[in-house]
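Data first, discussion second: the structure below is written as structure tokens.
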Amino acid sequence: MLRNLLLPLALGVLYASSAHADTVTTFTLENGLEAVVIEDHRAPVVTHMMWYKVGSADEPRGKSGIAHFLEHLMFKGTKTMAPGEFSATVEAQGGDDNAFTFYDYTAYFQRVATDRLDLMMSMEADRMRGLILSEDDVKTERAVIVEERAQRTDSDPGSLFGEQRRAAQYLNHPYGTPVIGWKHEAEALTREDALSFYKTYYAPNNAILVVAGDVNPDEVKAMAKAHYGPILPTPGLGPRTRPTEPPQLAERRLAMADARVAQPYVIRSYLAPERDSGAQEKAAALTFLAELLGGSSTTSLMARALQFGEAPKAVYTSAFYDGLSLDVSDFGFVAVPTPDTSLVDLEAAVDAVLAQFLLDGVDQTAFDRIKRQLRADEVYARDNVNGLAREYGAALTSGLTVADVQAWPDLLQAVTPKDVMAAAHEVLNRDNAVTGWLQRKDDSNDDTKSGVNQ
């Protein structure tokens with residue numbers, strides 16, 4: 001519900017841990033293309049993914065939405081493939097394909113029978129440097145992304161509120177700009193904007209190939225050499241550099257009222273450390289903190305304190321944290337009030353729960369239960385080869401390595417209650433926080449004023 005609110009290693013090097021039993025092989029081509037091969041021979045299928053180390057946070061200022069716009073345009077064709085032919089070919093082979101853009105990456109994937117892998121590489125290599133764009137293509141697809149924004153964001157008060165909150169959370173970092181782009185900037189994107197972004201970032205030395213499924217690593221390397229090896233890299237493409245956050249010295253508060261709001265809620269997010277290569281311990285502790293405070297709708301601390309008992313104040317509570325981020329991330333919570341609870345009272349109740357937690361510390365029984373659940377979740381995740389491909393791709397385009405990915409389960413198991421409390425005291429700092437109220441317009445008069453002026 002509201003939750004939605006290296007590499008360069010020689011071929012043949014394997015990693016494994018108690019939870020990660022995957023056979024993972026890596027190699028790097030001479031033009032800089034990094035590759036990860038995940039073997040899973042249970043079914044004769046393969047997932048082929050091309051991840052580019054560029055996302056919306058890498059866009060030129062004033063050109064928001066260009067990364068997502070280019071993702072759409074990548075299906076418009078090359079000298080050898082007509083517009084729409086790429087996906088039609090994948091479908092004709094009995095497969096499926098798609099693409100997605102986020103702050104730190106853009107990715108394209110196909111899932112097909114193993115014997116179609118060579119064809120997928122041939123097509124993906126073709127559009128890495130051979131994309132052809134007409135003015136009509138750009139005009140048509142620009143209208144599509146503007147309409148997509150209208151449907152997903154502009155018509156949804158929760159999404160609009162989320163944009164406003166994120167813009168307030170990041171004072172200087174481009175994570176405060178929506179992936180889909182601000183409407184007025186997305187409407188102004190041009191063919192020249194798209195081609196400039198494409199020619200700079202869509203290159204083998206800025207990409208990671210992930211192949212997962214019923215494959216042989218030596219054969220994958222041979223195919224990659226044949227199809228991706230001849231592609232020239234972008235010269236002079238240096239490390240990713242972005243604006244950084246200045247010290248945040250004051251809590252920001254937002255209140256938004258809209259007649260379309262079905263469920264009013266209180267939400268707060270704090271700046272929080274991301275998972276860094278070789279230093280993921282704080283992120284592991286914050287993962288436990290989110291689970292303890294709001295990971296379960298029945299057993300978490302906020303659920304037990306606010307949703308149950310003689311005088312419940314919330315019908316839903318949750319805490320969230322995702323450390324998979326190239327730069328600083330966020331940690332937060334959300335609470336939906338009961339019909340007779342004001343947002344003023346709900347926020348006060350949440351703050352009381354957090355204050356008591358900081359005094360009492362971690363409940364050992366709950367901590368042990370979460371540790372077992374995280375281990376079980378990790379084991380079950382091994383059965384999803386598509387999920388594994390995404391896990392590695394997202395991690396490697398966010399600054400981590402294969403070794404970091406495979407160390408993560410053991411780092412989670414090494415977390416102690418002391419680690420969790422240290423992370424809580426560091427992150428739950430109101431100076432780094434944005435507190436937001438979303439409510440129905442008819443209900444907003446007194447609560448909104450109280451929320452803003454506190």
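Chain identifiers are assigned as A, B, and so on, following the order in which chains appear in the structure tokens; residues are numbered from 1 within each chain, and ligands are numbered from 1 in order of appearance.
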
Exercise. How would you write, as a ChimeraX atom specification, the set of residues in segment 64-171 of chain A that DSSP gives as strand (DSSP E)?
Worked result: /A:96-101,106-113

For this session: Name the residues in contact with Ala381 of chain A at a cut-off of 12 Å, using only C-alpha atoms, excluding same-chain residues fewer than 2 positions from it; report them as a VMD selection string.
Result: chain A and resid 19 to 22 374 to 379 383 to 391 409

Problem set entry | Atom-to-atom span, atom CA of Lys139 of chain A and atom CA of Thr200 of chain A, Å | 21.7 Å

Problem set entry | Separation of atom CA of Ala167 of chain A from atom CA of Val434 of chain A, in Å and rounded to one decimal |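 Atom CA of Ala167 of chain A sits 9.9 Å away from atom CA of Val434 of chain A.
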
Problem set entry | Those in segment 320-408 of chain A with alpha helix (DSSP H) from DSSP, as a ChimeraX atom specification | /A:343-360,364-381,385-396,402-408

For this session: Do a neighbour search on Ala424 of chain A at 9 Å with only C-alpha atoms, toss out local chain neighbours closer than 3 positions, and write the hits as a PyMOL selection string.
Result: chain A and resi 285-286+289+358+419-421+427-429

Write the selection just made, keeping all heavy atoms, as a short mmCIF file (atom, residue, chain, number, x, y, z; two decimals), in the first residue's frame?
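Saved file result37.cif follows:
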data_model
loop_
_atom_site.label_atom_id
_atom_site.label_comp_id
_atom_site.auth_asym_id
_atom_site.auth_seq_id
_atom_site.Cartn_x
_atom_site.Cartn_y
_atom_site.Cartn_z
N ALA A 285 22.33 -2.65 9.92
CA ALA A 285 21.67 -2.30 11.18
C ALA A 285 20.37 -1.53 10.93
O ALA A 285 19.36 -1.76 11.61
CB ALA A 285 22.62 -1.48 12.04
N LEU A 286 20.38 -0.64 9.93
CA LEU A 286 19.17 0.11 9.62
C LEU A 286 18.09 -0.79 9.02
O LEU A 286 16.89 -0.53 9.20
CB LEU A 286 19.50 1.25 8.65
CG LEU A 286 20.27 2.42 9.27
CD1 LEU A 286 20.79 3.36 8.20
CD2 LEU A 286 19.40 3.18 10.27
N LEU A 289 16.47 -2.12 11.98
CA LEU A 289 15.68 -1.08 12.65
C LEU A 289 14.32 -0.90 11.97
O LEU A 289 13.29 -0.80 12.64
CB LEU A 289 16.45 0.24 12.64
CG LEU A 289 15.75 1.43 13.30
CD1 LEU A 289 15.50 1.16 14.78
CD2 LEU A 289 16.58 2.70 13.11
N LEU A 358 13.91 4.37 22.01
CA LEU A 358 15.28 4.84 22.24
C LEU A 358 15.70 4.70 23.70
O LEU A 358 16.89 4.55 24.00
CB LEU A 358 15.41 6.29 21.79
CG LEU A 358 15.31 6.53 20.27
CD1 LEU A 358 15.29 8.02 19.95
CD2 LEU A 358 16.44 5.83 19.53
N ASP A 419 24.23 -2.63 17.68
CA ASP A 419 24.38 -1.98 16.37
C ASP A 419 23.10 -1.25 15.98
O ASP A 419 23.14 -0.13 15.44
CB ASP A 419 24.71 -3.02 15.30
CG ASP A 419 26.02 -3.73 15.53
OD1 ASP A 419 26.93 -3.13 16.12
OD2 ASP A 419 26.12 -4.91 15.11
N VAL A 420 21.97 -1.88 16.23
CA VAL A 420 20.68 -1.28 15.86
C VAL A 420 20.45 0.00 16.63
O VAL A 420 20.03 1.03 16.07
CB VAL A 420 19.53 -2.27 16.11
CG1 VAL A 420 18.19 -1.61 15.87
CG2 VAL A 420 19.68 -3.50 15.22
N MET A 421 20.73 -0.01 17.93
CA MET A 421 20.50 1.19 18.73
C MET A 421 21.46 2.32 18.35
O MET A 421 21.07 3.49 18.33
CB MET A 421 20.63 0.86 20.22
CG MET A 421 19.56 -0.09 20.74
SD MET A 421 17.86 0.39 20.29
CE MET A 421 17.75 2.01 21.06
N VAL A 427 20.43 8.11 13.21
CA VAL A 427 19.57 8.46 12.08
C VAL A 427 18.29 9.19 12.51
O VAL A 427 17.83 10.09 11.80
CB VAL A 427 19.21 7.19 11.28
CG1 VAL A 427 18.10 7.47 10.27
CG2 VAL A 427 20.45 6.66 10.57
N LEU A 428 17.73 8.84 13.65
CA LEU A 428 16.46 9.45 14.06
C LEU A 428 16.70 10.85 14.63
O LEU A 428 16.44 11.15 15.80
CB LEU A 428 15.74 8.55 15.08
CG LEU A 428 15.39 7.15 14.57
CD1 LEU A 428 14.68 6.35 15.65
CD2 LEU A 428 14.55 7.22 13.30
N ASN A 429 17.19 11.71 13.75
CA ASN A 429 17.56 13.07 14.09
C ASN A 429 16.61 14.02 13.35
O ASN A 429 16.62 14.09 12.12
CB ASN A 429 19.01 13.32 13.68
CG ASN A 429 19.45 14.76 13.88
OD1 ASN A 429 18.71 15.61 14.35
ND2 ASN A 429 20.69 15.04 13.52
#

Exercise. Which of these, A:Arg127, A:Arg149, A:Lys282, A:Lys313, has the shortest distance to Trp182 of chain A once you count only C-alpha atoms?
Worked result: A:Arg149

Exercise. Can you tell me, as a list in words, what residues are no more than 7 Å from segment 397-399 of chain A when counting only C-alpha atoms, ignoring any on the same chain fewer than 3 positions away?
Worked result: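 Near segment 397-399 of chain A, the qualifying residues are Lys53, Asp104, Tyr105, Ser277, Leu324, Ser325, Leu326, Gly393 and Ala394 of chain A.
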
Limited to N, CA and C atoms, could you put the picked residues into a file as an mmCIF file, in the first residue's frame?
data_model
loop_
_atom_site.group_PDB
_atom_site.id
_atom_site.type_symbol
_atom_site.label_atom_id
_atom_site.label_comp_id
_atom_site.auth_asym_id
_atom_site.auth_seq_id
_atom_site.Cartn_x
_atom_site.Cartn_y
_atom_site.Cartn_z
ATOM 1 N N LYS A 53 25.057 2.584 -16.187
ATOM 2 C CA LYS A 53 25.351 3.308 -14.949
ATOM 3 C C LYS A 53 24.991 4.790 -15.102
ATOM 4 N N ASP A 104 19.699 5.784 -10.095
ATOM 5 C CA ASP A 104 21.101 5.424 -10.302
ATOM 6 C C ASP A 104 21.358 4.553 -11.524
ATOM 7 N N TYR A 105 20.328 4.146 -12.241
ATOM 8 C CA TYR A 105 20.545 3.238 -13.360
ATOM 9 C C TYR A 105 19.368 3.248 -14.323
ATOM 10 N N SER A 277 30.426 0.109 -0.628
ATOM 11 C CA SER A 277 31.269 -1.049 -0.885
ATOM 12 C C SER A 277 32.282 -1.243 0.237
ATOM 13 N N LEU A 324 20.170 0.433 -0.896
ATOM 14 C CA LEU A 324 20.750 0.219 -2.218
ATOM 15 C C LEU A 324 20.667 1.520 -3.005
ATOM 16 N N SER A 325 21.690 2.356 -2.860
ATOM 17 C CA SER A 325 21.693 3.695 -3.411
ATOM 18 C C SER A 325 23.140 4.128 -3.587
ATOM 19 N N LEU A 326 23.444 4.780 -4.696
ATOM 20 C CA LEU A 326 24.812 5.232 -4.917
ATOM 21 C C LEU A 326 25.206 6.298 -3.900
ATOM 22 N N GLY A 393 22.428 -6.503 -10.745
ATOM 23 C CA GLY A 393 22.491 -5.334 -11.605
ATOM 24 C C GLY A 393 22.296 -4.045 -10.834
ATOM 25 N N ALA A 394 21.278 -4.002 -9.972
ATOM 26 C CA ALA A 394 21.016 -2.795 -9.195
ATOM 27 C C ALA A 394 22.166 -2.485 -8.250
#

For this session: Do a neighbour search on Phe288 of chain A at 9 Å with only C-alpha atoms, toss out local chain neighbours closer than 2 positions, and write the hits as a PyMOL selection string.
Result: chain A and resi 283-286+290-293+295+367+370-371+412+415+417+420
